[in-house]
>>> print(open('entry.cif').read())   # mmCIF, C-alpha atoms and all ligand atoms
data_data
loop_
_atom_site.group_PDB
_atom_site.id
_atom_site.type_symbol
_atom_site.label_atom_id
_atom_site.label_comp_id
_atom_site.auth_asym_id
_atom_site.auth_seq_id
_atom_site.Cartn_x
_atom_site.Cartn_y
_atom_site.Cartn_z
ATOM 1 C CA MET K 16 0.389 -36.861 -68.377
ATOM 2 C CA ALA K 17 1.777 -39.363 -65.886
ATOM 3 C CA ASP K 18 5.325 -37.996 -65.962
ATOM 4 C CA ARG K 19 4.317 -34.377 -66.418
ATOM 5 C CA ALA K 20 5.835 -32.061 -63.790
ATOM 6 C CA LEU K 21 3.062 -30.804 -61.526
ATOM 7 C CA PRO K 22 3.748 -27.729 -59.427
ATOM 8 C CA ARG K 23 4.329 -28.590 -55.788
ATOM 9 C CA HIS K 24 2.726 -25.335 -54.779
ATOM 10 C CA LEU K 25 0.001 -23.638 -56.818
ATOM 11 C CA GLY K 26 -1.252 -20.120 -56.116
ATOM 12 C CA ILE K 27 -4.571 -18.881 -57.460
ATOM 13 C CA ILE K 28 -5.710 -15.265 -57.623
ATOM 14 C CA MET K 29 -9.451 -15.929 -57.694
ATOM 15 C CA ASP K 30 -10.493 -12.933 -59.793
ATOM 16 C CA GLY K 31 -13.387 -11.969 -62.058
ATOM 17 C CA ASN K 32 -16.451 -12.621 -59.903
ATOM 18 C CA GLY K 33 -17.782 -9.095 -60.327
ATOM 19 C CA ARG K 34 -17.472 -9.165 -64.118
ATOM 20 C CA TRP K 35 -19.081 -12.595 -64.261
ATOM 21 C CA ALA K 36 -22.121 -11.227 -62.425
ATOM 22 C CA LYS K 37 -22.254 -8.025 -64.456
ATOM 23 C CA LYS K 38 -22.324 -9.983 -67.723
ATOM 24 C CA ARG K 39 -25.460 -11.710 -66.454
ATOM 25 C CA GLY K 40 -27.117 -8.585 -65.052
ATOM 26 C CA LEU K 41 -26.725 -9.970 -61.525
ATOM 27 C CA PRO K 42 -25.446 -8.247 -58.360
ATOM 28 C CA ARG K 43 -21.708 -8.651 -57.667
ATOM 29 C CA SER K 44 -22.545 -10.800 -54.649
ATOM 30 C CA ALA K 45 -23.993 -13.423 -57.037
ATOM 31 C CA GLY K 46 -20.596 -13.534 -58.725
ATOM 32 C CA HIS K 47 -18.917 -14.136 -55.381
ATOM 33 C CA ALA K 48 -21.376 -16.947 -54.610
ATOM 34 C CA ALA K 49 -20.620 -18.562 -57.989
ATOM 35 C CA GLY K 50 -16.891 -18.107 -57.346
ATOM 36 C CA ALA K 51 -17.162 -19.802 -53.962
ATOM 37 C CA LYS K 52 -18.677 -22.911 -55.593
ATOM 38 C CA VAL K 53 -15.780 -23.089 -58.023
ATOM 39 C CA PHE K 54 -13.376 -22.717 -55.101
ATOM 40 C CA LYS K 55 -14.839 -25.886 -53.614
ATOM 41 C CA THR K 56 -14.539 -27.833 -56.879
ATOM 42 C CA ILE K 57 -10.961 -26.724 -57.492
ATOM 43 C CA VAL K 58 -9.804 -27.459 -53.936
ATOM 44 C CA ARG K 59 -11.218 -30.966 -54.094
ATOM 45 C CA TYR K 60 -9.668 -31.562 -57.517
ATOM 46 C CA CYS K 61 -6.223 -30.328 -56.439
ATOM 47 C CA SER K 62 -6.343 -32.491 -53.343
ATOM 48 C CA ARG K 63 -7.301 -35.582 -55.358
ATOM 49 C CA ILE K 64 -4.564 -35.179 -57.971
ATOM 50 C CA GLY K 65 -2.000 -35.011 -55.178
ATOM 51 C CA LEU K 66 -1.009 -31.359 -55.187
ATOM 52 C CA GLU K 67 0.980 -30.656 -52.022
ATOM 53 C CA TYR K 68 0.210 -26.971 -51.463
ATOM 54 C CA LEU K 69 -2.581 -24.766 -52.771
ATOM 55 C CA THR K 70 -2.835 -21.089 -51.873
ATOM 56 C CA VAL K 71 -5.979 -19.210 -52.813
ATOM 57 C CA TYR K 72 -6.248 -15.433 -52.641
ATOM 58 C CA ALA K 73 -9.719 -14.770 -51.297
ATOM 59 C CA PHE K 74 -9.586 -11.260 -49.793
ATOM 60 C CA SER K 75 -6.804 -8.705 -49.979
ATOM 61 C CA THR K 76 -5.832 -5.983 -47.522
ATOM 62 C CA GLU K 77 -7.086 -3.573 -50.212
ATOM 63 C CA ASN K 78 -10.480 -5.240 -50.695
ATOM 64 C CA TRP K 79 -11.843 -3.377 -47.622
ATOM 65 C CA LYS K 80 -12.091 -0.379 -49.983
ATOM 66 C CA ARG K 81 -15.136 -1.976 -51.622
ATOM 67 C CA PRO K 82 -18.695 -0.921 -50.760
ATOM 68 C CA HIS K 83 -19.796 -2.091 -47.317
ATOM 69 C CA ASP K 84 -22.552 -4.319 -48.771
ATOM 70 C CA GLU K 85 -20.076 -6.192 -50.951
ATOM 71 C CA VAL K 86 -17.628 -6.684 -48.070
ATOM 72 C CA MET K 87 -20.479 -7.982 -45.901
ATOM 73 C CA ALA K 88 -21.617 -10.383 -48.637
ATOM 74 C CA LEU K 89 -18.059 -11.716 -48.867
ATOM 75 C CA MET K 90 -17.797 -12.167 -45.097
ATOM 76 C CA GLY K 91 -21.086 -14.104 -45.145
ATOM 77 C CA LEU K 92 -19.770 -16.387 -47.891
ATOM 78 C CA PHE K 93 -16.514 -16.974 -46.046
ATOM 79 C CA LYS K 94 -18.510 -18.150 -43.028
ATOM 80 C CA THR K 95 -20.717 -20.452 -45.101
ATOM 81 C CA TYR K 96 -17.777 -21.993 -46.912
ATOM 82 C CA LEU K 97 -15.591 -22.348 -43.872
ATOM 83 C CA ARG K 98 -18.397 -24.164 -42.053
ATOM 84 C CA ASP K 99 -18.717 -26.405 -45.074
ATOM 85 C CA ALA K 100 -14.951 -26.882 -45.145
ATOM 86 C CA LEU K 101 -15.054 -28.062 -41.541
ATOM 87 C CA ASP K 102 -17.306 -30.934 -42.613
ATOM 88 C CA ASN K 103 -15.943 -31.682 -46.052
ATOM 89 C CA PHE K 104 -12.307 -30.799 -46.607
ATOM 90 C CA LEU K 105 -11.411 -32.622 -43.481
ATOM 91 C CA SER K 106 -12.660 -35.876 -44.917
ATOM 92 C CA GLU K 107 -10.341 -35.049 -47.828
ATOM 93 C CA ASN K 108 -7.439 -34.964 -45.353
ATOM 94 C CA VAL K 109 -6.781 -31.299 -46.231
ATOM 95 C CA LYS K 110 -4.843 -29.169 -43.777
ATOM 96 C CA VAL K 111 -6.155 -25.604 -43.796
ATOM 97 C CA ARG K 112 -3.987 -22.609 -42.936
ATOM 98 C CA PHE K 113 -4.853 -18.928 -43.110
ATOM 99 C CA LEU K 114 -2.501 -16.288 -44.467
ATOM 100 C CA GLY K 115 -3.186 -12.712 -43.412
ATOM 101 C CA ASP K 116 -4.297 -10.627 -40.457
ATOM 102 C CA THR K 117 -7.374 -12.515 -39.359
ATOM 103 C CA SER K 118 -7.690 -10.421 -36.170
ATOM 104 C CA ALA K 119 -9.617 -7.882 -38.260
ATOM 105 C CA PHE K 120 -12.621 -10.190 -38.703
ATOM 106 C CA ASP K 121 -15.767 -10.473 -36.595
ATOM 107 C CA PRO K 122 -15.739 -12.974 -33.699
ATOM 108 C CA GLN K 123 -17.816 -15.576 -35.557
ATOM 109 C CA LEU K 124 -15.432 -15.662 -38.488
ATOM 110 C CA LYS K 125 -12.384 -15.597 -36.213
ATOM 111 C CA ASP K 126 -13.754 -18.578 -34.265
ATOM 112 C CA LEU K 127 -14.299 -20.538 -37.464
ATOM 113 C CA ILE K 128 -10.776 -19.741 -38.628
ATOM 114 C CA ASP K 129 -9.340 -20.905 -35.305
ATOM 115 C CA GLU K 130 -11.454 -24.052 -35.257
ATOM 116 C CA ILE K 131 -10.539 -25.123 -38.790
ATOM 117 C CA THR K 132 -6.862 -24.445 -38.148
ATOM 118 C CA ARG K 133 -6.967 -26.502 -34.961
ATOM 119 C CA VAL K 134 -9.088 -29.376 -36.258
ATOM 120 C CA SER K 135 -7.063 -29.807 -39.452
ATOM 121 C CA GLU K 136 -3.652 -29.250 -37.886
ATOM 122 C CA ASN K 137 -2.554 -32.890 -37.945
ATOM 123 C CA ARG K 138 -3.949 -33.711 -41.378
ATOM 124 C CA THR K 139 -1.353 -35.133 -43.717
ATOM 125 C CA GLY K 140 -2.827 -34.376 -47.143
ATOM 126 C CA MET K 141 -2.733 -31.188 -49.212
ATOM 127 C CA VAL K 142 -2.056 -27.928 -47.398
ATOM 128 C CA LEU K 143 -4.703 -25.373 -48.339
ATOM 129 C CA ASN K 144 -3.655 -21.817 -47.556
ATOM 130 C CA ILE K 145 -6.544 -19.383 -47.620
ATOM 131 C CA ALA K 146 -5.273 -15.809 -47.977
ATOM 132 C CA LEU K 147 -7.791 -13.666 -46.111
ATOM 133 C CA ASN K 148 -7.079 -10.022 -45.336
ATOM 134 C CA TYR K 149 -3.747 -10.829 -46.923
ATOM 135 C CA GLY K 150 -1.300 -8.449 -48.574
ATOM 136 C CA GLY K 151 2.239 -9.312 -49.642
ATOM 137 C CA ARG K 152 3.561 -5.966 -48.429
ATOM 138 C CA ALA K 153 1.830 -6.215 -45.042
ATOM 139 C CA GLU K 154 3.260 -9.727 -44.698
ATOM 140 C CA ILE K 155 6.812 -8.462 -45.306
ATOM 141 C CA VAL K 156 6.300 -5.560 -42.871
ATOM 142 C CA ARG K 157 5.180 -8.065 -40.231
ATOM 143 C CA ALA K 158 8.265 -10.231 -40.823
ATOM 144 C CA VAL K 159 10.533 -7.181 -40.523
ATOM 145 C CA GLN K 160 8.837 -6.169 -37.266
ATOM 146 C CA LEU K 161 9.321 -9.666 -35.815
ATOM 147 C CA LEU K 162 13.011 -9.646 -36.745
ATOM 148 C CA ALA K 163 13.431 -6.089 -35.421
ATOM 149 C CA THR K 164 12.105 -7.283 -32.063
ATOM 150 C CA ASP K 165 14.833 -9.949 -31.943
ATOM 151 C CA VAL K 166 17.424 -7.291 -32.786
ATOM 152 C CA GLN K 167 16.061 -5.021 -30.057
ATOM 153 C CA LYS K 168 16.310 -7.827 -27.500
ATOM 154 C CA GLY K 169 19.930 -8.317 -28.486
ATOM 155 C CA GLN K 170 19.240 -11.810 -29.875
ATOM 156 C CA LEU K 171 20.078 -10.969 -33.492
ATOM 157 C CA LEU K 172 22.615 -8.752 -35.247
ATOM 158 C CA PRO K 173 21.239 -6.803 -38.260
ATOM 159 C CA GLU K 174 24.078 -8.043 -40.475
ATOM 160 C CA ASN K 175 23.086 -11.635 -39.678
ATOM 161 C CA ILE K 176 19.573 -11.296 -41.135
ATOM 162 C CA THR K 177 19.236 -13.704 -44.055
ATOM 163 C CA GLU K 178 16.702 -14.383 -46.795
ATOM 164 C CA SER K 179 15.713 -17.612 -45.117
ATOM 165 C CA MET K 180 15.024 -15.753 -41.852
ATOM 166 C CA ILE K 181 12.641 -13.466 -43.706
ATOM 167 C CA SER K 182 10.979 -16.492 -45.351
ATOM 168 C CA SER K 183 10.537 -18.153 -41.989
ATOM 169 C CA HIS K 184 8.756 -15.103 -40.571
ATOM 170 C CA LEU K 185 6.161 -15.007 -43.346
ATOM 171 C CA TYR K 186 2.728 -16.621 -43.013
ATOM 172 C CA THR K 187 4.001 -19.399 -45.300
ATOM 173 C CA ALA K 188 6.915 -20.294 -42.998
ATOM 174 C CA GLY K 189 8.183 -23.800 -43.668
ATOM 175 C CA GLN K 190 6.377 -24.149 -47.003
ATOM 176 C CA PRO K 191 7.972 -24.213 -50.455
ATOM 177 C CA ASP K 192 7.548 -21.111 -52.620
ATOM 178 C CA PRO K 193 4.749 -21.256 -55.204
ATOM 179 C CA ASP K 194 5.906 -22.800 -58.493
ATOM 180 C CA LEU K 195 2.911 -21.650 -60.483
ATOM 181 C CA ILE K 196 0.522 -18.751 -59.947
ATOM 182 C CA ILE K 197 -2.580 -18.554 -62.083
ATOM 183 C CA ARG K 198 -4.803 -15.556 -62.490
ATOM 184 C CA PRO K 199 -8.166 -16.002 -64.142
ATOM 185 C CA SER K 200 -9.999 -12.838 -65.328
ATOM 186 C CA GLY K 201 -7.260 -11.784 -67.746
ATOM 187 C CA GLU K 202 -5.661 -9.134 -65.511
ATOM 188 C CA ASN K 203 -1.877 -9.069 -65.934
ATOM 189 C CA ARG K 204 -0.933 -8.054 -62.431
ATOM 190 C CA ILE K 205 0.028 -9.555 -59.106
ATOM 191 C CA SER K 206 -2.205 -7.337 -56.903
ATOM 192 C CA ASN K 207 -0.070 -7.751 -53.762
ATOM 193 C CA PHE K 208 -0.127 -11.579 -53.799
ATOM 194 C CA MET K 209 2.875 -13.495 -52.362
ATOM 195 C CA LEU K 210 5.382 -10.799 -53.308
ATOM 196 C CA TRP K 211 8.341 -12.386 -51.560
ATOM 197 C CA GLN K 212 7.467 -16.013 -52.317
ATOM 198 C CA SER K 213 6.760 -15.473 -56.028
ATOM 199 C CA ALA K 214 10.308 -14.376 -56.938
ATOM 200 C CA TYR K 215 10.649 -17.330 -59.360
ATOM 201 C CA ALA K 216 7.032 -18.444 -59.738
ATOM 202 C CA GLU K 217 5.735 -19.185 -63.222
ATOM 203 C CA TYR K 218 2.747 -17.032 -64.043
ATOM 204 C CA VAL K 219 -0.258 -17.997 -66.164
ATOM 205 C CA VAL K 220 -2.959 -15.425 -66.858
ATOM 206 C CA MET K 221 -6.203 -16.932 -68.109
ATOM 207 C CA ASP K 222 -8.848 -15.119 -70.102
ATOM 208 C CA ILE K 223 -11.577 -16.831 -68.126
ATOM 209 C CA LEU K 224 -13.521 -15.363 -65.228
ATOM 210 C CA TRP K 225 -13.002 -17.300 -61.992
ATOM 211 C CA PRO K 226 -16.623 -18.557 -61.684
ATOM 212 C CA ASP K 227 -16.286 -20.066 -65.190
ATOM 213 C CA LEU K 228 -13.015 -21.854 -64.498
ATOM 214 C CA THR K 229 -13.137 -25.647 -64.902
ATOM 215 C CA THR K 230 -10.765 -28.439 -63.961
ATOM 216 C CA GLU K 231 -9.928 -28.694 -67.704
ATOM 217 C CA ASP K 232 -8.777 -25.050 -67.625
ATOM 218 C CA LEU K 233 -6.635 -25.882 -64.625
ATOM 219 C CA GLU K 234 -5.161 -28.868 -66.471
ATOM 220 C CA HIS K 235 -4.360 -26.537 -69.365
ATOM 221 C CA ALA K 236 -2.429 -24.279 -66.964
ATOM 222 C CA PHE K 237 -0.560 -27.341 -65.651
ATOM 223 C CA ASP K 238 0.362 -28.253 -69.249
ATOM 224 C CA LEU K 239 1.681 -24.733 -69.882
ATOM 225 C CA TYR K 240 3.643 -24.950 -66.647
ATOM 226 C CA ALA K 241 5.135 -28.344 -67.526
ATOM 227 C CA ALA K 242 6.375 -26.941 -70.865
ATOM 228 C CA ARG K 243 8.198 -24.002 -69.259
ATOM 229 C CA SER K 244 11.929 -23.944 -68.778
ATOM 230 C CA ARG K 245 12.667 -22.700 -65.267
ATOM 231 C CA ARG K 246 16.203 -21.452 -64.922
ATOM 232 C CA PHE K 247 16.238 -19.565 -61.606
ATOM 233 C CA GLY K 248 18.888 -17.253 -63.012
ATOM 234 C CA GLY K 249 21.077 -20.089 -64.248
ATOM 235 C CA ILE K 250 21.334 -21.331 -67.815
HETATM 236 C C1 LIG S 1 -12.450 -11.542 -57.022
HETATM 237 O O1 LIG S 1 -13.381 -11.063 -57.933
HETATM 238 C C2 LIG S 1 -12.993 -11.635 -55.624
HETATM 239 C C3 LIG S 1 -12.359 -10.711 -54.667
HETATM 240 C C4 LIG S 1 -11.453 -9.832 -54.936
HETATM 241 C C5 LIG S 1 -12.819 -10.794 -53.291
HETATM 242 P P1 LIG S 1 -13.647 -9.519 -58.112
HETATM 243 O O2 LIG S 1 -14.728 -9.106 -57.184
HETATM 244 O O3 LIG S 1 -12.393 -8.722 -58.016
HETATM 245 O O4 LIG S 1 -14.183 -9.489 -59.607
HETATM 246 P P2 LIG S 1 -13.906 -8.373 -60.704
HETATM 247 O O5 LIG S 1 -12.421 -8.246 -60.823
HETATM 248 O O6 LIG S 1 -14.541 -7.108 -60.213
HETATM 249 O O7 LIG S 1 -14.545 -8.913 -61.931
HETATM 250 C C1 LIG S 2 -7.016 -9.532 -56.183
HETATM 251 O O1 LIG S 2 -8.094 -9.155 -56.962
HETATM 252 C C2 LIG S 2 -7.478 -9.960 -54.828
HETATM 253 C C3 LIG S 2 -8.228 -11.219 -54.783
HETATM 254 C C4 LIG S 2 -8.529 -11.991 -55.801
HETATM 255 C C5 LIG S 2 -8.655 -11.618 -53.478
HETATM 256 P P1 LIG S 2 -8.582 -7.640 -57.068
HETATM 257 O O2 LIG S 2 -9.757 -7.642 -57.973
HETATM 258 O O3 LIG S 2 -8.769 -7.080 -55.717
HETATM 259 O O4 LIG S 2 -7.337 -6.929 -57.746
HETATM 260 P P2 LIG S 2 -7.255 -5.612 -58.634
HETATM 261 O O5 LIG S 2 -7.983 -4.532 -57.890
HETATM 262 O O6 LIG S 2 -7.892 -5.930 -59.936
HETATM 263 O O7 LIG S 2 -5.790 -5.354 -58.797
HETATM 264 MG MG MG S 3 -11.007 -8.151 -59.359
#
>>> encode(input="entry.cif", output="structure tokens")
Amino acid sequence: MADRALPRHLGIIMDGNGRWAKKRGLPRSAGHAAGAKVFKTIVRYCSRIGLEYLTVYAFSTENWKRPHDEVMALMGLFKTYLRDALDNFLSENVKVRFLGDTSAFDPQLKDLIDEITRVSENRTGMVLNIALNYGGRAEIVRAVQLLATDVQKGQLLPENITESMISSHLYTAGQPDPDLIIRPSGENRISNFMLWQSAYAEYVVMDILWPDLTTEDLEHAFDLYAARSRRFGGI
């Protein structure tokens, strides 16, 4: 285990809360509450084992389609957990960043997002990216708009646009691409998560619902990752 290659950057699509609740005859919001507890456990674990970057997909640009009650329950949980994060993750030396259009949230949630970002800015431990109102396509559109503005101002020629310029206009600017993306819940799809950054990410789908995921399951994914041969198009 000591010399096993850990991913530098792990992405998690936290999926399966609704099914977890349904199996128990509980409302979907109970599944989200259970999922939020697991989020806390996994973040702490990743920080303690020395992972450098963790990105968790918490709410997609498409999740607004859900019934109003469910969206409201999720917003309430985000507030509770972000308040908790202010007290706890900071003692873990975790630097929290948000990926996505957070301007869409209510003022209370926006304030919390701003406060956590500010307070944790100079932390030197794991970077925790929380993808909230995040969509990979929307992120690329935003990067293109930013570059188009530079072109319009005459500061950039279209033929000089490079891949690294696009990368540096994404929410993850300056961070390495994810090496491993795990998706609990068994769904074999990417659901608009880190489309640009995941070009060469290893993917592990787990037949476990997110609220049931344990640190042992995560270790299993790390073992699968360590056994993969990454070639990046080479041989
Ligand atoms: C993931 O669990 C949480 C969010 C998308 C916010 P789901 O709510 O998608 O759970 P399932 O997929 O319906 O089981
Ligand atoms: C992806 O899960 C989004 C998050 C986990 C936040 P979804 O449950 O929204 O994805 P689909 O609808 O199954 O593709
Ligand atoms: Mg789902």
>>> closest_residue(input="entry.cif", among="K:Arg133, K:Arg245, K:Arg204, K:Arg98", to="ligand MG 3 (chain S)", atoms="only C-alpha atoms and all ligand atoms")
K:Arg204
>>> resolve_selection(input="entry.cif", expression="the PyMOL selection byres (((not hetatm)) within 10 of (chain S and resi 3))", output="PDB file with C-alpha atoms, in the coordinates of the input")
ATOM      1  CA  ILE K  28      -5.710 -15.265 -57.623  1.00  0.00           C
ATOM      2  CA  MET K  29      -9.451 -15.929 -57.694  1.00  0.00           C
ATOM      3  CA  ASP K  30     -10.493 -12.933 -59.793  1.00  0.00           C
ATOM      4  CA  GLY K  31     -13.387 -11.969 -62.058  1.00  0.00           C
ATOM      5  CA  ASN K  32     -16.451 -12.621 -59.903  1.00  0.00           C
ATOM      6  CA  GLY K  33     -17.782  -9.095 -60.327  1.00  0.00           C
ATOM      7  CA  ARG K  34     -17.472  -9.165 -64.118  1.00  0.00           C
ATOM      8  CA  ASN K  78     -10.480  -5.240 -50.695  1.00  0.00           C
ATOM      9  CA  PRO K 199      -8.166 -16.002 -64.142  1.00  0.00           C
ATOM     10  CA  SER K 200      -9.999 -12.838 -65.328  1.00  0.00           C
ATOM     11  CA  GLY K 201      -7.260 -11.784 -67.746  1.00  0.00           C
ATOM     12  CA  GLU K 202      -5.661  -9.134 -65.511  1.00  0.00           C
ATOM     13  CA  SER K 206      -2.205  -7.337 -56.903  1.00  0.00           C
ATOM     14  CA  LEU K 224     -13.521 -15.363 -65.228  1.00  0.00           C
ATOM     15  CA  TRP K 225     -13.002 -17.300 -61.992  1.00  0.00           C
TER      16      TRP K 225
END
>>> resolve_selection(input="entry.cif", expression="the PyMOL selection byres (((chain K and resi 137) around 12) and not hetatm)", output="MDAnalysis selection string")
chainID K and resid 105 108:112 131:136 138:142
>>> closest_residue(input="entry.cif", among="K:Phe93, K:Tyr60, K:Phe113, K:Trp211", to="ligand LIG 1 (chain S)", atoms="all atoms listed in the file")
K:Phe93
>>> resolve_selection(input="entry.cif", expression="the PyMOL selection byres (((chain K and resi 87) around 12) and not hetatm)", output="PyMOL selection string")
chain K and resi 43-44+47+78-79+81-86+88-94+120-121+124
>>> axis_aligned_box(input="entry.cif", around="ligand LIG 2 (chain S)", padding_each_side="4 Å", output="JSON")
{"center_x": -7.8, "center_y": -8.3, "center_z": -56.7, "size_x": 12.0, "size_y": 15.5, "size_z": 14.5}
>>> atom_distance(input="entry.cif", atom1="CA of Gly115 in chain K", atom2="atom O2 of ligand LIG 2 (chain S)")
16.8 Å
>>> closest_residue(input="entry.cif", among="K:Asn148, K:Pro226, K:Arg243, K:Leu69", to="Gly46 in chain K", atoms="only C-alpha atoms")
K:Pro226
>>> residues_around(input="entry.cif", residues="Asp232 in chain K", least_positions_apart="6", cutoff="12 Å", atoms="all atoms listed in the file", output="list in words")
Ile57, Ile197, Arg198, Pro199, Val219, Val220, Met221, Asp222, Ile223, Leu224, Trp225, Pro226, Asp238 and Leu239 of chain K
>>> closest_residue(input="entry.cif", among="K:Tyr96, K:Phe237, K:Phe247, K:Phe104", to="Arg59 in chain K", atoms="all atoms listed in the file")
K:Phe104
>>> atom_distance(input="entry.cif", atom1="CA of Asp192 in chain K", atom2="CA of Ser179 in chain K")
11.6 Å
>>> closest_residue(input="entry.cif", among="K:Leu195, K:Ile250, K:Ile128, K:Val166", to="Leu147 in chain K", atoms="only C-alpha atoms")
K:Ile128
>>> atom_distance(input="entry.cif", atom1="atom C2 of ligand LIG 1 (chain S)", atom2="CA of Ala73 in chain K")
6.3 Å
>>> closest_residue(input="entry.cif", among="K:Phe54, K:Phe74, K:Tyr218, K:Tyr240", to="ligand LIG 1 (chain S)", atoms="all atoms listed in the file")
K:Phe74
>>> residues_near_point(input="entry.cif", point="(-2.8, -18.6, -57.0)", cutoff="6 Å", atoms="all atoms listed in the file", output="PyMOL selection string")
chain K and resi 25-28+70-71+196-197
>>> build_atoms(input="entry.cif", residues="range 204-211 of chain K", atoms="all heavy atoms", output="PDB file, in the frame of the given file")
ATOM      1  N   ARG K 204      -1.619  -8.664 -63.583  1.00  0.00           N
ATOM      2  CA  ARG K 204      -0.933  -8.054 -62.431  1.00  0.00           C
ATOM      3  C   ARG K 204      -1.002  -8.981 -61.227  1.00  0.00           C
ATOM      4  O   ARG K 204      -1.808  -9.888 -61.161  1.00  0.00           O
ATOM      5  CB  ARG K 204      -1.505  -6.667 -62.110  1.00  0.00           C
ATOM      6  CG  ARG K 204      -2.996  -6.645 -61.884  1.00  0.00           C
ATOM      7  CD  ARG K 204      -3.478  -5.251 -61.479  1.00  0.00           C
ATOM      8  NE  ARG K 204      -4.926  -5.202 -61.454  1.00  0.00           N
ATOM      9  CZ  ARG K 204      -5.690  -4.707 -62.420  1.00  0.00           C
ATOM     10  NH1 ARG K 204      -5.143  -4.182 -63.500  1.00  0.00           N
ATOM     11  NH2 ARG K 204      -7.013  -4.719 -62.328  1.00  0.00           N
ATOM     12  N   ILE K 205      -0.151  -8.677 -60.260  1.00  0.00           N
ATOM     13  CA  ILE K 205       0.028  -9.555 -59.106  1.00  0.00           C
ATOM     14  C   ILE K 205      -0.852  -9.124 -57.924  1.00  0.00           C
ATOM     15  O   ILE K 205      -1.155  -9.926 -57.043  1.00  0.00           O
ATOM     16  CB  ILE K 205       1.551  -9.627 -58.751  1.00  0.00           C
ATOM     17  CG1 ILE K 205       1.909 -10.871 -57.958  1.00  0.00           C
ATOM     18  CG2 ILE K 205       2.054  -8.390 -58.072  1.00  0.00           C
ATOM     19  CD1 ILE K 205       2.083 -12.106 -58.801  1.00  0.00           C
ATOM     20  N   SER K 206      -1.277  -7.855 -57.927  1.00  0.00           N
ATOM     21  CA  SER K 206      -2.205  -7.337 -56.903  1.00  0.00           C
ATOM     22  C   SER K 206      -1.830  -7.730 -55.464  1.00  0.00           C
ATOM     23  O   SER K 206      -2.687  -8.145 -54.677  1.00  0.00           O
ATOM     24  CB  SER K 206      -3.648  -7.760 -57.219  1.00  0.00           C
ATOM     25  OG  SER K 206      -4.044  -7.288 -58.477  1.00  0.00           O
ATOM     26  N   ASN K 207      -0.532  -7.589 -55.163  1.00  0.00           N
ATOM     27  CA  ASN K 207      -0.070  -7.751 -53.762  1.00  0.00           C
ATOM     28  C   ASN K 207      -0.134  -9.201 -53.258  1.00  0.00           C
ATOM     29  O   ASN K 207      -0.247  -9.442 -52.068  1.00  0.00           O
ATOM     30  CB  ASN K 207      -0.883  -6.820 -52.837  1.00  0.00           C
ATOM     31  CG  ASN K 207      -0.120  -6.379 -51.597  1.00  0.00           C
ATOM     32  OD1 ASN K 207       1.064  -6.677 -51.434  1.00  0.00           O
ATOM     33  ND2 ASN K 207      -0.801  -5.681 -50.711  1.00  0.00           N
ATOM     34  N   PHE K 208      -0.047 -10.166 -54.182  1.00  0.00           N
ATOM     35  CA  PHE K 208      -0.127 -11.579 -53.799  1.00  0.00           C
ATOM     36  C   PHE K 208       1.265 -12.202 -53.704  1.00  0.00           C
ATOM     37  O   PHE K 208       2.033 -12.191 -54.660  1.00  0.00           O
ATOM     38  CB  PHE K 208      -0.964 -12.326 -54.840  1.00  0.00           C
ATOM     39  CG  PHE K 208      -1.203 -13.789 -54.517  1.00  0.00           C
ATOM     40  CD1 PHE K 208      -1.816 -14.167 -53.329  1.00  0.00           C
ATOM     41  CD2 PHE K 208      -0.842 -14.779 -55.413  1.00  0.00           C
ATOM     42  CE1 PHE K 208      -2.057 -15.505 -53.038  1.00  0.00           C
ATOM     43  CE2 PHE K 208      -1.088 -16.121 -55.135  1.00  0.00           C
ATOM     44  CZ  PHE K 208      -1.696 -16.486 -53.947  1.00  0.00           C
ATOM     45  N   MET K 209       1.634 -12.743 -52.577  1.00  0.00           N
ATOM     46  CA  MET K 209       2.875 -13.495 -52.362  1.00  0.00           C
ATOM     47  C   MET K 209       4.096 -12.830 -52.997  1.00  0.00           C
ATOM     48  O   MET K 209       4.833 -13.450 -53.761  1.00  0.00           O
ATOM     49  CB  MET K 209       2.706 -14.930 -52.889  1.00  0.00           C
ATOM     50  CG  MET K 209       1.577 -15.666 -52.203  1.00  0.00           C
ATOM     51  SD  MET K 209       1.545 -17.445 -52.560  1.00  0.00           S
ATOM     52  CE  MET K 209       2.193 -18.108 -51.034  1.00  0.00           C
ATOM     53  N   LEU K 210       4.312 -11.574 -52.661  1.00  0.00           N
ATOM     54  CA  LEU K 210       5.382 -10.799 -53.308  1.00  0.00           C
ATOM     55  C   LEU K 210       6.755 -11.419 -53.085  1.00  0.00           C
ATOM     56  O   LEU K 210       7.552 -11.527 -54.012  1.00  0.00           O
ATOM     57  CB  LEU K 210       5.371  -9.358 -52.784  1.00  0.00           C
ATOM     58  CG  LEU K 210       4.107  -8.555 -53.085  1.00  0.00           C
ATOM     59  CD1 LEU K 210       4.267  -7.132 -52.563  1.00  0.00           C
ATOM     60  CD2 LEU K 210       3.786  -8.543 -54.567  1.00  0.00           C
ATOM     61  N   TRP K 211       7.019 -11.801 -51.873  1.00  0.00           N
ATOM     62  CA  TRP K 211       8.341 -12.386 -51.560  1.00  0.00           C
ATOM     63  C   TRP K 211       8.458 -13.787 -52.161  1.00  0.00           C
ATOM     64  O   TRP K 211       9.444 -14.134 -52.803  1.00  0.00           O
ATOM     65  CB  TRP K 211       8.522 -12.438 -50.031  1.00  0.00           C
ATOM     66  CG  TRP K 211       9.796 -13.095 -49.596  1.00  0.00           C
ATOM     67  CD1 TRP K 211       9.989 -14.430 -49.378  1.00  0.00           C
ATOM     68  CD2 TRP K 211      11.046 -12.466 -49.326  1.00  0.00           C
ATOM     69  NE1 TRP K 211      11.278 -14.666 -48.981  1.00  0.00           N
ATOM     70  CE2 TRP K 211      11.954 -13.475 -48.944  1.00  0.00           C
ATOM     71  CE3 TRP K 211      11.489 -11.130 -49.358  1.00  0.00           C
ATOM     72  CZ2 TRP K 211      13.277 -13.201 -48.595  1.00  0.00           C
ATOM     73  CZ3 TRP K 211      12.806 -10.867 -49.012  1.00  0.00           C
ATOM     74  CH2 TRP K 211      13.679 -11.897 -48.647  1.00  0.00           C
TER      75      TRP K 211
END
